[in-house]
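Heads up, the thing below is written out as structure tokens.
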Amino acid sequence: ITLDHNALNPYGEHFERELKETAELLTRYQLRSIVETGARFLLNPAVKHEPTLVSQREEDRLRRIDFIKRSIDVAATLGSDCVSIWSGVVRYAAGRDAALADLVSGLQRVLDYADRRDVDLGFEPEPDMLIDTTDSFAELLDRIDSPRLKLTLDVGEASEQLDATYDG
């Protein structure tokens, strides 16, 4: 379930009613769910997926942290298996190490919150983002010690990467 403008928008005026209705539908049809945080223009109508946990400005990173916390609350209410997240694209010149430090700091905050809410985070490496492969995810795991942080793989993207590898 992607939280977005017209679907369980945590900033929308009908959010509480929609959340209750969604919980009832999941129960009625015995469905499981994952809360997805990839709404393209929800937080910034001008730039896709921004802000992120690696945005240059701290107030932007805090906005993403708030959104992920709201997503964790939704997942706790719905009994979802996890909240799916990703790192974001590094769009400034501070370098990979600084962006990784920002990511670790932000992730620790949301992981602490997720632990209090008993919700797991599924982290998806995304092409062109700071954490873009399983190897870079392993590097991230070296910096974060939390049983709440799991790996999520997009099968479509993984197969595209394998196709590109074996075409040569």
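Chain identifiers are assigned as A, B, and so on, following the order in which chains appear in the structure tokens; residues are numbered from 1 within each chain, and ligands are numbered from 1 in order of appearance.
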Chain A: which residues are strand (DSSP E or B) by DSSP, as number ranges by chain?
A: 2, 4, 7, 35-36, 83-85, 121-123, 149-151
Write the residues you've just listed into a file as a short mmCIF file (atom, residue, chain, number, x, y, z; two decimals), in the first residue's frame, and include N, CA, C and O atoms for each of them.
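Result written to selection_33.cif:
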```
data_model
loop_
_atom_site.label_atom_id
_atom_site.label_comp_id
_atom_site.auth_asym_id
_atom_site.auth_seq_id
_atom_site.Cartn_x
_atom_site.Cartn_y
_atom_site.Cartn_z
N THR A 2 0.87 1.97 -1.08
CA THR A 2 1.68 3.18 -1.17
C THR A 2 0.89 4.36 -0.62
O THR A 2 -0.20 4.66 -1.10
N ASP A 4 -0.03 7.93 -0.57
CA ASP A 4 0.13 8.90 -1.65
C ASP A 4 -1.01 9.92 -1.59
O ASP A 4 -1.85 9.87 -0.70
N ALA A 7 -4.37 8.02 -1.78
CA ALA A 7 -4.43 6.69 -1.18
C ALA A 7 -3.76 6.73 0.19
O ALA A 7 -2.55 6.73 0.28
N VAL A 35 3.58 -1.44 3.77
CA VAL A 35 3.41 -0.01 3.55
C VAL A 35 4.62 0.48 2.78
O VAL A 35 5.76 0.32 3.22
N GLU A 36 4.37 1.08 1.63
CA GLU A 36 5.40 1.53 0.72
C GLU A 36 5.51 3.05 0.79
O GLU A 36 4.50 3.73 0.76
N VAL A 83 7.51 -1.77 6.52
CA VAL A 83 7.48 -0.51 5.78
C VAL A 83 8.67 -0.54 4.83
O VAL A 83 9.80 -0.76 5.26
N SER A 84 8.40 -0.34 3.55
CA SER A 84 9.44 -0.38 2.54
C SER A 84 10.03 1.02 2.35
O SER A 84 9.30 2.00 2.16
N ILE A 85 11.36 1.11 2.41
CA ILE A 85 12.06 2.39 2.28
C ILE A 85 13.27 2.22 1.37
O ILE A 85 13.64 1.11 1.00
N LEU A 121 11.48 -2.63 8.97
CA LEU A 121 11.72 -1.81 7.78
C LEU A 121 12.36 -2.69 6.72
O LEU A 121 13.36 -3.36 6.99
N GLY A 122 11.78 -2.71 5.54
CA GLY A 122 12.36 -3.41 4.40
C GLY A 122 13.09 -2.39 3.54
O GLY A 122 12.47 -1.51 2.96
N PHE A 123 14.41 -2.48 3.49
CA PHE A 123 15.22 -1.50 2.76
C PHE A 123 15.49 -2.02 1.36
O PHE A 123 16.04 -3.10 1.18
N LEU A 149 15.95 -3.88 10.61
CA LEU A 149 16.33 -3.50 9.25
C LEU A 149 16.52 -4.75 8.41
O LEU A 149 17.42 -5.55 8.65
N LYS A 150 15.67 -4.91 7.40
CA LYS A 150 15.69 -6.07 6.52
C LYS A 150 15.99 -5.61 5.09
O LYS A 150 15.87 -4.44 4.76
N LEU A 151 16.32 -6.56 4.24
CA LEU A 151 16.58 -6.29 2.83
C LEU A 151 15.33 -6.61 2.02
O LEU A 151 14.70 -7.65 2.22
#
```
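Compared by their closest atoms to Glu16 of chain A, and using only C-alpha atoms, the residues A:Val110, A:Ile65, A:Ala99, A:Val74 rank with A:Val74 nearest.
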Near Lys48 of chain A, within 12 Å and counting only C-alpha atoms, which residues show up once chain neighbours fewer than 4 positions away are dropped, as a ChimeraX atom specification?
/A:38-44,52,88-89
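Residue nearest Arg96 of chain A within the list A:Thr152, A:Gln108, A:Ser71, A:Ser136: A:Ser136 [criterion: smallest interatomic distance, only C-alpha atoms].
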Leu100 of chain A: which residues within 8 Å, counting only C-alpha atoms, same-chain residues fewer than 5 positions away excluded, as an mmCIF file with C-alpha atoms, in the first residue's frame?
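Below is the file result.cif, written as the result:
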```cif
data_model
loop_
_atom_site.group_PDB
_atom_site.id
_atom_site.type_symbol
_atom_site.label_atom_id
_atom_site.label_comp_id
_atom_site.auth_asym_id
_atom_site.auth_seq_id
_atom_site.Cartn_x
_atom_site.Cartn_y
_atom_site.Cartn_z
ATOM 1 C CA VAL A 54 20.225 11.864 2.147
ATOM 2 C CA LEU A 130 23.140 5.935 -2.570
ATOM 3 C CA LEU A 140 25.072 -0.028 5.452
#
```
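In this structure, atom CA of Ala98 of chain A sits 10.7 Å away from atom CA of Ser55 of chain A.
With distances restricted to only C-alpha atoms, A:Leu107 is the closest residue to Asp145 of chain A from A:Met129, A:Ile68, A:Ala23, A:Leu107.
Across the structure, atom CA of Ala138 of chain A and atom CA of Val47 of chain A are spaced 28.4 Å apart.
For the residues A:Leu53, A:Leu111, A:Ala101, A:Ile131, ranking by smallest atom-to-atom distance to Ser146 of chain A using only C-alpha atoms places A:Leu111 first.
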Do a neighbour search on Ser80 of chain A at 7 Å with only C-alpha atoms, toss out local chain neighbours closer than 2 positions, and write the hits as number ranges by chain.
A: 32-35, 75-76, 78, 82
For each of A:Asp128, A:Asp73, A:Asp66, A:Glu59, take the minimum atom-to-atom distance to Ala114 of chain A, counting only C-alpha atoms, then give the residue where this is smallest.
A:Asp73
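For the choices A:Arg64, A:Arg57, A:Arg28, A:Lys69, the atom-to-atom distance to Asp112 of chain A is smallest for A:Lys69 when using only C-alpha atoms.
In this model, the gap between atom CA of Val104 of chain A and atom CA of Leu141 of chain A comes to 9.4 Å.
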With only C-alpha atoms as the counted atoms, please give the residues lying no more than 7 Å from Leu8 of chain A, apart from itself and same-chain residues fewer than 4 positions off, as a list of chain:residue names.
A:Leu3, A:Asp4, A:Phe15, A:Glu18, A:Leu19
Could you list, as a PDB file with N, CA, C and O atoms, in the first residue's frame, every residue within 9 Å of Thr134 of chain A, counting only C-alpha atoms and ignoring same-chain residues fewer than 5 positions away?
```
ATOM      1  N   GLU A 124      15.129  -1.221   0.363  1.00  0.00           N
ATOM      2  CA  GLU A 124      15.309  -1.631  -1.030  1.00  0.00           C
ATOM      3  C   GLU A 124      16.441  -0.854  -1.689  1.00  0.00           C
ATOM      4  O   GLU A 124      16.344   0.359  -1.865  1.00  0.00           O
ATOM      5  N   PRO A 125      17.520  -1.548  -2.062  1.00  0.00           N
ATOM      6  CA  PRO A 125      18.536  -0.890  -2.891  1.00  0.00           C
ATOM      7  C   PRO A 125      17.915  -0.527  -4.233  1.00  0.00           C
ATOM      8  O   PRO A 125      17.231  -1.339  -4.848  1.00  0.00           O
ATOM      9  N   GLU A 139      27.260  -2.827   3.259  1.00  0.00           N
ATOM     10  CA  GLU A 139      28.062  -1.752   3.857  1.00  0.00           C
ATOM     11  C   GLU A 139      27.224  -0.965   4.872  1.00  0.00           C
ATOM     12  O   GLU A 139      27.706  -0.619   5.958  1.00  0.00           O
ATOM     13  N   LEU A 151      16.316  -6.555   4.241  1.00  0.00           N
ATOM     14  CA  LEU A 151      16.577  -6.288   2.831  1.00  0.00           C
ATOM     15  C   LEU A 151      15.328  -6.611   2.019  1.00  0.00           C
ATOM     16  O   LEU A 151      14.699  -7.651   2.220  1.00  0.00           O
ATOM     17  N   LEU A 153      14.148  -6.842  -2.067  1.00  0.00           N
ATOM     18  CA  LEU A 153      14.632  -6.843  -3.451  1.00  0.00           C
ATOM     19  C   LEU A 153      13.465  -6.683  -4.404  1.00  0.00           C
ATOM     20  O   LEU A 153      12.447  -7.364  -4.268  1.00  0.00           O
TER      21      LEU A 153
END
```
